[in-house]
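Q: This is the structure I want to talk about, given as structure tokens.
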Amino acid sequence: GYGESGPYVNRPGQDMLLQAMSGAMLNVGRAGDPPAPAGTYAVDAITGYGAFEGALAGLLHRERTGEGQLVTVNMLDSAIAVQAQELSIFTVGGVPQHRGREPHGHTYIRAPYGTFATADGYLALAFPHLADLGELLGIPEFAAMEDEVDGHARRDEITALVAARLTGRTTAEWLEMFAARGIWAGPVYSYADVLADPQVRHNGSLVSYDHPTEGRVTTPGFPYRFSATPPEVRRGAPLAGEQTREILAELGYDEAAVDGLAGRGVVTAPRPAA
């Protein structure tokens with residue numbers, strides 16, 4: 001939950017509510033526009049990773065001391081902790097969040113930074129050297145600008161000038177030109193584009209397997225690799241209680257003991273179909 005207790009604990013929509021409470025929504029977008037949530041369940045995922053790290057630390061402590069301990073994870077704390085860079089700029093540097101007239105990808109990063117329309121779609125552009133960008137796009141004003149000064153102070157002006165130029169060519173044309181100059185840029189993918197990307201396919205970023213109720217499914221796979229023990233999905237996500245009897249049997253519980261636990265509501269342990 002977001003604290004020791006509260007009305008949003010384990011309720012639908014808590015992820016978006018906690019994004020709002022964390023302050024993160026005011027780091028992107030345009031002044032006057034409503035703050036927008038992330039396009040993923042970001043707080044849920046961040047908290048999950050934090051729980052994983054906390055559990056590992058607890059296990060290491062147990063291995064070294066022989067003592068166990070309770071590990072808790074707070075969702076609001078997790079959403080705040082992942083903003084270590086941004087919040088430190090505010091708390092240490094005293095720099096307030098400022099959303100300008102033009103849409104911008106991050107309030108504390110200099111322009112241009114964000115997504116821009118092209119002749120046939122969008123591309124993402126990440127704070128290139130202004131003089132190089134100006135030469136490529138035909139914006140002479142950039143030649144006299146200092147990246148880390150004007151990139152912040154004249155953010156709206158820079159963003160508007162870049163946006164006006166990028167609609168003149170296709171995404172592929174711009175990306176080829178940017179790559180030749182060493183400028184960080186990339187396409188803005190849909191999920192269909194993600195699945196079709198050659199690098200995603202080469203990496204094996206998604207895996208397919210059989211699920212007991214959904215049939216053959218494809219889902220995101222493993223973000224890590226091991227040279228000796230390649231990760232694999234051996235079975236789909238279990239149904240509620242599907243593996244309870246198997247796991248408790250491995251721990252030494254007989255059928256009668258498991259039935260007793262299930263009867264008292266301690267575990268969910270349906271009997272296998274005959």
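Every chain in the structure tokens takes a letter, A first, then B, and so on in the order presented; its residues are numbered from 1, and the ligands are numbered from 1 following the presented order.
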Considering only C-alpha atoms, give me a table of residues in stretch 18-78 of chain A that are at most 12 Å from stretch 155-159 of chain A, with the closest atom pair and distance in Å for each, as a tab-separated table.

A:
residue	atom	partner	partner_atom	distance
A:Gly29	CA	A:Asp156	CA	11.7
A:Arg30	CA	A:Asp156	CA	9.8
A:Ala31	CA	A:Asp156	CA	11.0

Q: Compile the contact shell of A:Ala240 as a PDB file with N, CA, C and O atoms, in the first residue's frame: residues with an atom at most 10 Å away, counting only C-alpha atoms, same-chain residues fewer than 4 positions apart removed.

A:
ATOM      1  N   THR A 244      -0.504 -25.192  -4.694  1.00  0.00           N
ATOM      2  CA  THR A 244      -0.412 -25.215  -3.239  1.00  0.00           C
ATOM      3  C   THR A 244      -0.082 -26.615  -2.712  1.00  0.00           C
ATOM      4  O   THR A 244       0.820 -26.795  -1.883  1.00  0.00           O
ATOM      5  N   VAL A 267      -5.035 -21.541   3.399  1.00  0.00           N
ATOM      6  CA  VAL A 267      -4.521 -21.614   2.021  1.00  0.00           C
ATOM      7  C   VAL A 267      -5.667 -21.934   1.093  1.00  0.00           C
ATOM      8  O   VAL A 267      -6.732 -22.407   1.512  1.00  0.00           O
ATOM      9  N   THR A 268      -5.447 -21.689  -0.189  1.00  0.00           N
ATOM     10  CA  THR A 268      -6.354 -22.135  -1.232  1.00  0.00           C
ATOM     11  C   THR A 268      -5.713 -23.350  -1.883  1.00  0.00           C
ATOM     12  O   THR A 268      -4.611 -23.245  -2.428  1.00  0.00           O
ATOM     13  N   ALA A 269      -6.381 -24.480  -1.779  1.00  0.00           N
ATOM     14  CA  ALA A 269      -5.771 -25.707  -2.276  1.00  0.00           C
ATOM     15  C   ALA A 269      -6.842 -26.621  -2.874  1.00  0.00           C
ATOM     16  O   ALA A 269      -7.224 -27.631  -2.282  1.00  0.00           O
ATOM     17  N   PRO A 270      -7.332 -26.281  -4.075  1.00  0.00           N
ATOM     18  CA  PRO A 270      -8.347 -27.150  -4.696  1.00  0.00           C
ATOM     19  C   PRO A 270      -7.762 -28.522  -5.005  1.00  0.00           C
ATOM     20  O   PRO A 270      -6.579 -28.654  -5.306  1.00  0.00           O
TER      21      PRO A 270
END

Q: Could you jot down the atom CA of A:Pro96 to atom CA of A:Leu17 separation for me, Å, one decimal place?

A: 21.8 Å

Q: Point out the residue among A:Gln69, A:Thr40, A:Ser78, A:Asn27 with the least atom-to-atom distance to A:Phe90, counting only C-alpha atoms.

A: A:Asn27

Q: Could you jot down the atom CA of A:Pro103 to atom CA of A:Phe116 separation for me, Å, one decimal place?

A: 9.3 Å

Q: What does the distance from atom CA of A:Gln243 to atom CA of A:Gly204 come to in Å, to one decimal?

A: 27.9 Å

Q: Give the answer as one residue: which of A:Ala20, A:Ala143, A:Ala42, A:Ala111 has the shortest atom-to-atom distance to A:Phe127, using only C-alpha atoms?

A: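 The closest residue to A:Phe127 is A:Ala111.
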
Q: Can you pull out the residues contacting A:Thr170? Cut-off 6 Å, using only C-alpha atoms, and skip same-chain residues under 2 positions away; I want them as an MDAnalysis selection string.

A: chainID A and resid 118:120 172:173

Q: Next, the residues of the selection above should be written as a compact mmCIF listing (two decimals), in the first residue's frame with C-alpha atoms.

A:
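What landed in part_25.txt:
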# COMPACT_ATOMS: atom_id res chain seq x y z
CA THR A 118 7.59 14.28 -38.66
CA ALA A 119 6.08 14.07 -42.13
CA ASP A 120 4.84 10.53 -41.46
CA ALA A 172 13.36 7.46 -41.48
CA GLU A 173 15.00 10.35 -43.35

Q: Restricting the calculation to only C-alpha atoms: of A:Leu195, A:Glu176, A:Asp259, A:Gln19, which residue gets closest to A:Val82?

A: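 That would be A:Gln19, the residue with the smallest distance to A:Val82.
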
Q: Just the residues within 10 Å of stretch 210-218 of chain A, please, counting only C-alpha atoms, with nothing from its chain fewer than 5 positions along; format it as a JSON list (two decimals) with C-alpha atoms, in the first residue's frame.

A:
[["chain", "number", "residue", "atom", "x", "y", "z"],
["A", 233, "VAL", "CA", 9.30, -20.35, -18.88],
["A", 234, "ARG", "CA", 8.49, -23.91, -17.83],
["A", 235, "ARG", "CA", 4.81, -23.31, -17.11],
["A", 236, "GLY", "CA", 2.34, -20.45, -17.29],
["A", 237, "ALA", "CA", 1.28, -18.32, -14.33],
["A", 238, "PRO", "CA", -0.53, -20.63, -11.88],
["A", 239, "LEU", "CA", -4.22, -20.41, -11.22]]

Q: So, counting only C-alpha atoms, which residue among A:Ala117, A:Gly23, A:Gly58, A:Pro128 is closest to A:Trp184?

A: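 Among A:Ala117, A:Gly23, A:Gly58, A:Pro128, it is A:Pro128 that comes nearest to A:Trp184.
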